[in-house]
Structures are given as structure tokens and as C-alpha cells.
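Source file: coords.tsv. Holds: TSV, C-alpha atoms.
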chain	number	residue	atom	x	y	z
A	6	MET	CA	136.09	27.08	76.48
A	7	ILE	CA	132.60	25.80	77.29
A	8	LYS	CA	131.95	22.51	75.52
A	9	THR	CA	128.68	21.48	73.87
A	10	ILE	CA	127.94	18.95	76.61
A	11	ASP	CA	128.24	21.65	79.28
A	12	ARG	CA	125.92	24.01	77.41
A	13	TYR	CA	123.40	21.21	76.88
A	14	ILE	CA	123.25	20.19	80.55
A	15	PHE	CA	123.23	23.81	81.70
A	16	THR	CA	120.20	24.41	79.45
A	17	GLU	CA	118.49	21.40	81.03
A	18	LEU	CA	119.16	22.87	84.48
A	19	LEU	CA	117.91	26.38	83.72
A	20	GLU	CA	114.18	25.73	83.24
A	21	PRO	CA	113.63	23.70	86.46
A	22	PHE	CA	115.81	26.21	88.33
A	23	LEU	CA	113.45	29.04	87.33
A	24	PHE	CA	110.48	26.80	88.15
A	25	GLY	CA	111.97	26.18	91.58
A	26	LEU	CA	112.52	29.88	92.22
A	27	GLY	CA	108.87	30.60	91.52
A	28	SER	CA	107.48	27.59	93.40
A	29	PHE	CA	109.56	27.95	96.55
A	30	THR	CA	109.03	31.73	96.60
A	31	ALA	CA	105.27	31.16	96.63
A	32	ILE	CA	105.52	28.49	99.34
A	33	LEU	CA	107.94	30.27	101.67
A	34	SER	CA	106.58	33.79	101.25
A	35	SER	CA	103.11	32.53	102.16
A	36	SER	CA	104.28	30.62	105.22
A	37	MET	CA	106.93	33.06	106.50
A	38	VAL	CA	105.49	36.49	105.67
A	39	MET	CA	102.05	36.57	104.06
A	40	PHE	CA	100.08	35.00	106.91
A	41	GLU	CA	101.63	37.37	109.46
A	42	LEU	CA	100.88	40.43	107.31
A	43	VAL	CA	97.30	39.36	106.62
A	44	ARG	CA	96.73	39.13	110.38
A	45	ALA	CA	98.30	42.58	110.82
A	46	VAL	CA	95.99	44.08	108.18
A	47	VAL	CA	92.80	42.37	109.40
A	48	LEU	CA	93.32	42.40	113.18
A	49	LYS	CA	95.60	45.41	113.76
A	50	GLY	CA	94.46	47.71	110.98
A	51	MET	CA	97.80	47.96	109.18
A	52	PRO	CA	97.32	49.84	105.87
A	53	LEU	CA	97.37	47.48	102.89
A	54	ILE	CA	100.01	49.54	101.07
A	55	VAL	CA	102.31	49.32	104.12
A	56	ALA	CA	101.79	45.54	104.29
A	57	LEU	CA	102.72	45.26	100.61
A	58	GLN	CA	105.89	47.31	101.19
A	59	ILE	CA	106.90	45.13	104.13
A	60	PHE	CA	106.25	42.00	102.03
A	61	LEU	CA	108.55	43.28	99.27
A	62	PHE	CA	111.25	44.26	101.78
A	63	ARG	CA	111.23	40.78	103.31
A	64	LEU	CA	111.42	38.88	100.02
A	65	PRO	CA	115.23	39.25	99.69
A	66	GLY	CA	115.71	37.61	103.09
A	67	ILE	CA	113.57	34.67	101.97
A	68	ALA	CA	115.45	34.44	98.66
A	69	VAL	CA	118.63	33.46	100.52
A	70	TYR	CA	116.92	30.17	101.44
A	71	ILE	CA	115.13	29.80	98.10
A	72	PHE	CA	118.27	29.76	95.92
A	73	PRO	CA	119.63	26.47	97.41
A	74	MET	CA	116.19	24.86	97.15
A	75	ALA	CA	115.82	25.88	93.51
A	76	THR	CA	119.29	24.55	92.73
A	77	LEU	CA	118.43	21.18	94.29
A	78	LEU	CA	115.21	20.96	92.28
A	79	ALA	CA	116.99	21.96	89.06
A	80	ALA	CA	119.65	19.25	89.36
A	81	LEU	CA	117.11	16.62	90.43
A	82	MET	CA	114.64	17.25	87.60
A	83	ALA	CA	117.27	17.74	84.90
A	84	PHE	CA	119.06	14.47	85.63
A	85	SER	CA	115.76	12.66	86.13
A	86	ARG	CA	114.78	13.67	82.59
A	87	LEU	CA	118.18	12.69	81.18
A	88	SER	CA	118.00	9.31	82.92
A	89	HIS	CA	114.40	8.62	81.81
A	90	ASP	CA	115.22	9.34	78.15
A	91	SER	CA	118.35	7.15	78.35
A	92	GLU	CA	120.62	10.09	77.59
A	93	ILE	CA	122.78	9.22	80.60
A	94	ILE	CA	123.32	5.78	79.08
A	95	ALA	CA	124.22	7.41	75.77
A	96	PHE	CA	126.73	9.72	77.47
A	97	ARG	CA	128.34	6.82	79.32
A	98	SER	CA	128.47	4.72	76.14
A	99	ALA	CA	130.39	7.57	74.53
A	100	GLY	CA	132.91	7.42	77.37
A	101	VAL	CA	131.56	10.38	79.36
A	102	SER	CA	131.54	9.56	83.07
A	103	LEU	CA	128.97	10.72	85.59
A	104	PHE	CA	131.66	12.78	87.32
A	105	ARG	CA	132.30	14.60	84.03
A	106	LEU	CA	128.57	15.34	83.72
A	107	MET	CA	128.67	16.90	87.17
A	108	ILE	CA	130.97	19.74	86.04
A	109	PRO	CA	128.17	22.02	84.72
A	110	VAL	CA	126.05	21.08	87.76
A	111	ALA	CA	128.83	22.09	90.14
A	112	ALA	CA	129.43	25.25	88.09
A	113	LEU	CA	125.76	26.22	88.44
A	114	GLY	CA	125.83	25.47	92.17
A	115	LEU	CA	128.98	27.55	92.67
A	116	ALA	CA	127.61	30.45	90.59
A	117	VAL	CA	124.35	30.46	92.53
A	118	SER	CA	126.28	30.24	95.83
A	119	LEU	CA	128.46	33.25	95.02
A	120	THR	CA	125.45	35.21	93.76
A	121	ASN	CA	123.51	34.32	96.89
A	122	LEU	CA	126.42	35.33	99.13
A	123	SER	CA	126.73	38.72	97.42
A	124	PHE	CA	122.96	39.18	97.57
A	125	SER	CA	122.84	38.36	101.29
A	126	GLU	CA	125.72	40.77	101.97
A	127	VAL	CA	124.49	43.78	99.99
A	128	VAL	CA	120.70	43.60	99.65
A	129	VAL	CA	119.32	41.51	102.51
A	130	PRO	CA	120.58	43.52	105.54
A	131	GLU	CA	119.22	46.78	104.13
A	132	SER	CA	115.88	45.29	103.10
A	133	ASN	CA	115.41	43.61	106.50
A	134	LYS	CA	116.30	46.87	108.25
A	135	ALA	CA	113.81	48.77	106.08
A	136	ALA	CA	111.07	46.24	106.86
A	137	THR	CA	111.73	46.46	110.61
A	138	ASN	CA	111.77	50.26	110.60
A	139	LEU	CA	108.54	50.37	108.60
A	140	VAL	CA	106.80	48.03	111.03
A	141	ILE	CA	107.95	50.07	114.04
A	142	THR	CA	107.22	53.44	112.44
A	143	THR	CA	103.72	52.32	111.46
A	144	ALA	CA	103.04	51.09	114.98
A	145	VAL	CA	104.31	54.36	116.45
A	146	GLN	CA	102.17	56.47	114.13
A	147	LYS	CA	99.08	54.38	114.72
A	148	ALA	CA	99.25	54.26	118.50
A	149	PRO	CA	102.34	55.83	120.06
A	150	LYS	CA	103.86	53.45	122.57
A	151	ILE	CA	105.70	54.52	125.69
A	152	GLN	CA	109.00	52.96	126.71
A	153	ASN	CA	110.76	53.80	129.95
A	154	ASN	CA	114.48	54.02	130.77
A	155	VAL	CA	115.90	53.31	127.32
A	156	PHE	CA	119.66	52.85	126.81
A	157	VAL	CA	121.11	52.73	123.28
A	158	PRO	CA	124.91	52.46	122.80
A	159	GLU	CA	126.57	53.52	119.53
A	160	ILE	CA	129.66	51.53	118.57
A	161	ASP	CA	132.02	52.81	115.85
A	162	GLU	CA	134.84	50.54	114.60
A	163	GLY	CA	134.69	48.47	117.76
A	164	LYS	CA	134.89	51.50	120.09
A	165	LEU	CA	132.16	53.06	122.19
A	166	LYS	CA	131.22	56.39	120.61
A	167	ARG	CA	128.01	57.44	122.39
A	168	ILE	CA	125.51	56.26	124.98
A	169	PHE	CA	121.95	57.52	124.69
A	170	TYR	CA	119.63	57.46	127.67
A	171	CYS	CA	116.09	58.79	127.96
A	172	GLU	CA	113.53	58.46	130.71
A	173	THR	CA	110.69	57.85	128.27
A	174	VAL	CA	110.18	57.38	124.53
A	175	GLN	CA	106.75	58.27	123.18
A	176	GLY	CA	106.31	58.22	119.43
A	177	SER	CA	109.06	60.40	117.98
A	178	VAL	CA	109.73	62.33	121.21
A	179	LEU	CA	112.43	61.48	123.76
A	180	ASN	CA	111.97	62.88	127.29
A	181	GLY	CA	114.71	63.34	129.89
A	182	VAL	CA	117.58	62.83	127.45
A	183	ILE	CA	121.22	62.29	128.39
A	184	VAL	CA	123.86	61.72	125.70
A	185	GLN	CA	127.40	60.77	126.70
A	186	GLU	CA	129.99	61.21	123.95
A	187	PHE	CA	133.38	59.51	124.00
A	188	GLU	CA	136.67	60.29	122.25
A	189	ASN	CA	139.49	57.74	122.23
A	190	GLY	CA	137.90	55.84	125.08
A	191	ARG	CA	137.37	58.85	127.39
A	192	LEU	CA	134.18	60.72	128.23
A	193	ALA	CA	134.46	64.06	126.39
A	194	GLN	CA	130.98	65.57	126.43
A	195	ILE	CA	127.59	65.21	128.10
A	196	ILE	CA	124.34	66.56	126.66
A	197	ASN	CA	121.42	66.89	129.05
A	198	ALA	CA	118.09	67.96	127.53
A	199	LYS	CA	114.47	68.07	128.63
A	200	GLU	CA	113.37	66.48	125.38
A	201	ALA	CA	114.44	65.64	121.83
A	202	VAL	CA	112.06	65.68	118.86
A	203	TRP	CA	112.73	63.80	115.63
A	204	GLN	CA	112.63	66.03	112.52
A	205	GLN	CA	111.68	63.68	109.71
A	206	ASP	CA	112.33	66.20	106.92
A	207	LYS	CA	115.88	66.98	108.12
A	208	LYS	CA	116.66	63.47	109.39
A	209	GLN	CA	117.99	64.81	112.69
A	210	TRP	CA	116.99	65.39	116.31
A	211	LEU	CA	116.01	68.77	117.76
A	212	PHE	CA	117.14	68.89	121.40
A	213	LYS	CA	115.24	71.37	123.57
A	214	ASP	CA	115.98	73.15	126.86
A	215	GLY	CA	119.35	71.59	127.59
A	216	ILE	CA	122.97	71.95	128.64
A	217	ILE	CA	126.16	70.70	126.99
A	218	TYR	CA	128.94	69.86	129.46
A	219	LEU	CA	132.47	69.77	128.01
A	220	LEU	CA	135.06	67.72	129.89
A	221	ALA	CA	138.84	68.02	129.88
A	222	GLU	CA	141.12	65.04	129.18
A	223	SER	CA	141.63	64.74	132.93
A	224	GLY	CA	137.88	64.14	133.27
A	225	GLU	CA	137.28	67.45	135.07
A	226	TYR	CA	134.52	69.87	134.10
A	227	LYS	CA	135.81	72.44	131.56
A	228	HIS	CA	132.90	74.41	130.14
A	229	LEU	CA	129.12	74.36	129.71
A	230	ILE	CA	126.77	75.64	127.02
A	231	LYS	CA	123.10	76.25	127.68
A	232	PHE	CA	120.64	76.13	124.78
A	233	GLN	CA	116.93	76.40	124.11
A	234	GLU	CA	117.05	74.45	120.86
A	235	GLN	CA	119.94	72.56	119.29
A	236	SER	CA	119.81	70.37	116.17
A	237	ILE	CA	122.04	67.31	116.46
A	238	ALA	CA	122.64	64.85	113.60
A	239	ILE	CA	122.96	61.32	114.95
A	240	LYS	CA	122.38	58.11	113.03
A	241	TYR	CA	119.50	56.79	115.18
A	242	THR	CA	115.84	57.29	114.26
A	243	PRO	CA	112.79	56.83	116.55
A	244	ALA	CA	112.51	53.26	115.27
A	245	ASP	CA	115.93	52.42	116.71
A	246	PHE	CA	114.73	53.21	120.22
A	247	TYR	CA	111.97	50.60	119.85
A	248	ALA	CA	114.01	47.98	118.03
A	249	GLY	CA	115.91	46.77	121.11
A	250	GLU	CA	118.80	44.34	120.53
A	251	LYS	CA	120.23	44.41	117.02
A	252	ASN	CA	119.03	41.68	114.70
A	253	THR	CA	121.75	39.68	112.93
A	254	ASP	CA	119.52	39.56	109.83
A	255	GLU	CA	120.08	43.30	109.49
A	256	MET	CA	123.88	43.04	109.46
A	257	ASN	CA	126.33	41.88	106.84
A	258	ILE	CA	129.39	39.79	107.70
A	259	GLY	CA	131.68	42.76	108.38
A	260	THR	CA	129.17	44.55	110.59
A	261	LEU	CA	128.37	41.38	112.51
A	262	ARG	CA	132.08	40.75	113.15
A	263	LYS	CA	132.41	44.23	114.67
A	264	PHE	CA	129.23	43.67	116.69
A	265	ILE	CA	130.62	40.39	118.05
A	266	SER	CA	133.89	42.12	118.94
A	267	SER	CA	132.06	44.85	120.88
A	268	LYS	CA	129.97	42.25	122.71
A	269	GLU	CA	133.07	40.28	123.69
A	270	LYS	CA	134.58	43.45	125.18
A	271	MET	CA	131.45	43.72	127.32
A	272	GLY	CA	131.94	40.13	128.53
A	273	VAL	CA	128.88	38.78	126.68
A	274	ASP	CA	128.79	35.15	125.49
A	275	THR	CA	128.90	35.43	121.68
A	276	THR	CA	128.55	31.74	120.77
A	277	ASP	CA	125.16	32.21	119.12
A	278	LEU	CA	126.36	35.29	117.24
A	279	LYS	CA	129.39	33.41	115.92
A	280	ILE	CA	127.13	30.61	114.69
A	281	GLN	CA	124.96	33.19	112.92
A	282	LEU	CA	128.10	34.75	111.41
A	283	ASN	CA	129.21	31.44	109.92
A	284	MET	CA	125.70	30.67	108.71
A	285	LYS	CA	125.77	33.86	106.64
A	286	MET	CA	128.36	31.99	104.55
A	287	SER	CA	127.22	28.37	104.91
A	288	ILE	CA	123.59	28.93	103.84
A	289	PRO	CA	124.51	30.51	100.47
A	290	PHE	CA	126.98	27.67	99.79
A	291	ALA	CA	124.24	25.12	100.42
A	292	SER	CA	123.41	25.72	96.73
A	293	LEU	CA	126.63	23.96	95.74
A	294	VAL	CA	126.08	20.85	97.88
A	295	PHE	CA	122.39	20.70	96.93
A	296	ALA	CA	123.36	20.73	93.24
A	297	LEU	CA	125.77	17.85	93.85
A	298	LEU	CA	123.07	15.95	95.74
A	299	GLY	CA	120.20	16.66	93.33
A	300	ALA	CA	121.90	15.14	90.28
A	301	PRO	CA	122.38	11.59	91.66
A	302	LEU	CA	118.94	11.72	93.27
A	303	GLY	CA	117.52	12.54	89.84
A	304	LEU	CA	119.24	9.50	88.35
A	305	SER	CA	117.46	7.22	90.80
A	306	SER	CA	114.04	8.86	90.50
A	307	ARG	CA	113.83	8.50	86.70
A	308	ARG	CA	111.10	10.67	85.19
A	309	ALA	CA	110.15	13.04	88.03
A	310	SER	CA	107.40	15.51	87.24
A	311	GLY	CA	107.46	19.01	88.64
A	312	SER	CA	105.25	18.02	91.58
A	313	ILE	CA	107.26	14.85	92.36
A	314	GLY	CA	110.54	16.70	92.08
A	315	LEU	CA	109.16	19.43	94.33
A	316	GLY	CA	108.08	16.82	96.87
A	317	ILE	CA	111.47	15.09	96.90
A	318	SER	CA	113.20	18.47	97.24
A	319	ILE	CA	111.01	19.42	100.22
A	320	ILE	CA	111.85	16.11	101.94
A	321	VAL	CA	115.59	16.63	101.39
A	322	ILE	CA	115.37	20.23	102.59
A	323	PHE	CA	113.41	19.11	105.66
A	324	PHE	CA	116.20	16.71	106.67
A	325	TYR	CA	118.81	19.37	105.89
A	326	TYR	CA	117.22	21.85	108.28
A	327	ILE	CA	116.72	19.16	110.93
A	328	THR	CA	120.46	18.56	110.69
A	329	THR	CA	121.02	22.32	110.87
A	330	PHE	CA	118.89	22.57	114.02
A	331	LEU	CA	120.79	19.70	115.69
A	332	ALA	CA	124.17	21.16	114.69
A	333	MET	CA	123.19	24.60	116.02
A	334	SER	CA	122.06	22.99	119.28
A	335	LEU	CA	125.45	21.28	119.63
A	336	GLY	CA	127.11	24.60	118.89
A	337	GLU	CA	125.02	26.41	121.51
A	338	MET	CA	126.03	23.76	124.07
A	339	LYS	CA	129.66	24.30	122.94
A	340	ALA	CA	130.01	20.62	122.08
A	341	ILE	CA	131.36	21.71	118.69
A	342	PRO	CA	132.85	25.07	117.60
A	343	PRO	CA	130.53	27.71	116.05
A	344	GLY	CA	132.08	27.24	112.60
A	345	GLY	CA	131.49	23.50	112.78
A	346	ALA	CA	127.89	24.01	113.86
A	347	ALA	CA	127.19	26.21	110.83
A	348	TRP	CA	129.05	24.14	108.22
A	349	LEU	CA	128.28	20.59	109.47
A	350	PRO	CA	124.97	20.29	107.50
A	351	ASN	CA	126.79	21.23	104.28
A	352	ILE	CA	129.59	18.77	105.02
A	353	ILE	CA	127.12	15.95	105.70
A	354	THR	CA	125.03	16.78	102.62
A	355	GLY	CA	128.13	16.95	100.43
A	356	ALA	CA	129.37	13.60	101.75
A	357	VAL	CA	126.00	11.95	101.07
A	358	ALA	CA	125.98	13.46	97.56
A	359	LEU	CA	129.43	12.07	96.75
A	360	TYR	CA	128.48	8.66	98.16
A	361	ILE	CA	125.31	8.43	96.06
A	362	LEU	CA	127.14	9.67	92.97
A	363	LYS	CA	129.91	7.10	93.46
A	364	ARG	CA	127.33	4.30	93.81
A	365	SER	CA	125.51	5.49	90.69
A	366	SER	CA	128.75	5.61	88.65
A	367	GLU	CA	129.47	1.96	89.53
A	368	LYS	CA	126.18	0.68	88.13
Exercise: express the given structure as C-alpha cells:
Amino acid sequence: MIKTIDRYIFTELLEPFLFGLGSFTAILSSSMVMFELVRAVVLKGMPLIVALQIFLFRLPGIAVYIFPMATLLAALMAFSRLSHDSEIIAFRSAGVSLFRLMIPVAALGLAVSLTNLSFSEVVVPESNKAATNLVITTAVQKAPKIQNNVFVPEIDEGKLKRIFYCETVQGSVLNGVIVQEFENGRLAQIINAKEAVWQQDKKQWLFKDGIIYLLAESGEYKHLIKFQEQSIAIKYTPADFYAGEKNTDEMNIGTLRKFISSKEKMGVDTTDLKIQLNMKMSIPFASLVFALLGAPLGLSSRRASGSIGLGISIIVIFFYYITTFLAMSLGEMKAIPPGGAAWLPNIITGAVALYILKRSSEK
């Protein structure tokens, strides 16, 4: 059962948390997205409506970093107010310890962490993918680019399913197309076509002037089928042939694990990918350690206004991401394991939070 003290402190945390969400959204969206899109509209002629769509698609990816910041600000400002109005002294006089007051703070941090993790797993990969596809599609429609000798593998459940090759890609047309299809690790079929045209309304490719070669299990030629036009439903769109290497921001944890597994089978060093995998969990849980750090910082800062609290939060976040950069560098150099590189900033921040809280409780 939630006690009155927990409801009271949670209420104190809620208003600055919402203030933090709005403030940090404005700051980060301007620095990470808005400036880039304004340049695209002014210098490259991107339609304003497309820029607005891309901005909205990229907001969820920014929100993953905003939630921990807002949690830090909420704890800092709430406990600063309680300390300034001597309510902390009143709580302690009534026999309520600082560690007991941290229960609703930790509960908020954990709730935000779990929400952030779910959000980053379900919403963020799809929104980032939609933003990337929109950028590429717009560029293709505006001035079709030409790419030569494009290879795109399709991996399904860790196994190679298809390999696409085309001599050139121009807009939504593939020229000199070869598709190799695999079944249970063996080459089962080869499609050779003069060109393939993307049919936007049907969401499939129309292969033209081609031959389908069917292969026996022994690998020998079995049969061929000539065609003038053949519709083939494959999951790739024209944007995928311009996107190049997959972006980890467009994958959830399960997809990224499979991607890492396929890369390892190809003999690729996956250290960076493993760090990114662990960071998909460590960044959301930064909300918990930031909540634990913000409360004791608020006790020492007394009455912190919104601007002062925002400033202190930015300084803390700056040092957190410096630590993250150094930890990732150590991970890249394989001085520490990928999991350690991703979680080390949280461990350090949590340790500092407990140290400051312990010092504050002894006063």
C-alpha cells in the first residue's frame, strides 16, 4: 500500500519531471535535429512538410536520452524545495531517514527506466527507420542518384536467405539484377533480370526480361524459366539499396543480437555492435541512477530555481556522457568487455549517488 509520504514526494517529483521533459526536448531537438532540417529545407530544397515529418519521426529517438535527464532534474528540484522549506528536517525529526525518502524517488526512476526501455524497443527502431527511408526517398525523387555494383544480403533467423546484386541503382529502378536464393544453407535458385522496377502501390518489385534458374540439391542445374515480366515480393524497398550498412538505431535488442550473430559468422569484429547492444539497456536505466543522484544533489543546492536546476542537470549530464565516451573508447580498444563499457557510467554514477546520500544522511 502506498503511504502518504510516498504520494507526497511523488507529487513533488511530477511537476519538475514534466518541466524537464519539455525543456530538454526543446534543447536536444533543436541541437540534434532542427538545425540539420532547416539547412535541408533552405539549402537543398526539402519540402517543409517532409522536414516536419522527419522531425516527428526522430523525436522518439531523442526521447530515450531525455527521460533520464528529466528524472535527474525532477529529483534535484523536488529535494531542493523540500530542503529549502525545512521539510527534510521535519521528516528526519519524525524519525524518517533520508534512505526512506529515497523509496519513491527510486520507484520513479525504475518506472521511467522500464517505460524508456519498452519505448526504445517498440517505437524508436520503427520511427528511426521511417525517418531514414523518408530522407532517402525524398532525395531519390528530387534528383535520382546512381549507385554502381550494389550488394544487399538478406538474413533470416541468423541464416543467409538471399543475396541481391545489381549493376546500377537509379531512383526506383535496378539494372542488371541477380538474386541468389538459399534454402537450408544451399543455393537453390538464381534470378537474372535486365531490370527491376519498384511498384509503390503493390509494395513489390516487377522484374523484367529475365530467367529463373532452379538448382538441384547437388548444386547442378535442374530447370530454367524465362519471363518477360515477373512480380516478386521481397522486403526491400528502393531506400534499402541506398541505406548501406544497417543502423543500430533502427534495430531493437532482438534484431541487433541476430545481426551481431550473422556478422560474427562472416568473421567481422562485432565489439562496437556489442557495446551498442548493451547501451540499448544501459541508457534507459540511467533514469534510475540519475534519480538516486538528483535527490542528494538537491539537498545540497537548497532552493534551486528551474534555470539553476536545469544548469546543474546539464553539468551532471555532461560529465556522464564524458564518462560514457571514455568507457566506450576502452571498450573499443578491448581494455574492458563490451558490457562493462556500456554499464560503467551507470555504475560510477550510482556509486557517487550512494556516497553523496550517505554523507548527507550523516549530517
message: Excluding Asp214 (chain A) and its own-chain neighbours fewer than 6 positions away, which residues fall within 6 Å of it when counting all atoms listed in the file? Please give them as JSON, numbers by chain.
response: {"A": [198, 199, 232, 233]}
Residue with smallest distance to Ala358 (chain A) - pool A:Ile317, A:Asp90, A:Pro301, A:Ile195, counting all atoms listed in the file: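 Of A:Ile317, A:Asp90, A:Pro301, A:Ile195, the one nearest Ala358 (chain A) is A:Pro301, counting all atoms listed in the file.
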message: Please list, as JSON, numbers by chain, the residues that have an atom at most 10 Å away from (122.4, 38.6, 107.3) in the coordinates of this file, counting all atoms listed in the file.
response: {"A": [66, 69, 122, 124, 125, 126, 127, 128, 129, 130, 131, 133, 252, 253, 254, 255, 256, 257, 258, 260, 261, 281, 282, 284, 285, 286]}
Contact residues around Met39 (chain A) with all atoms listed in the file at 12 Å, ignoring same-chain residues under 4 positions, as a VMD selection string: chain A and resid 30 to 35 43 to 46 53 56 to 61 63 to 64 67
Within 12 Å of Tyr13 (chain A), counting only C-alpha atoms, which residues qualify if same-chain residues fewer than 6 places away don't, as a CSV table (one decimal) with C-alpha atoms, in the frame of the given file?
chain,number,residue,atom,x,y,z
A,7,ILE,CA,132.6,25.8,77.3
A,19,LEU,CA,117.9,26.4,83.7
A,83,ALA,CA,117.3,17.7,84.9
A,84,PHE,CA,119.1,14.5,85.6
A,87,LEU,CA,118.2,12.7,81.2
A,92,GLU,CA,120.6,10.1,77.6
A,96,PHE,CA,126.7,9.7,77.5
A,106,LEU,CA,128.6,15.3,83.7
A,108,ILE,CA,131.0,19.7,86.0
A,109,PRO,CA,128.2,22.0,84.7
A,110,VAL,CA,126.0,21.1,87.8
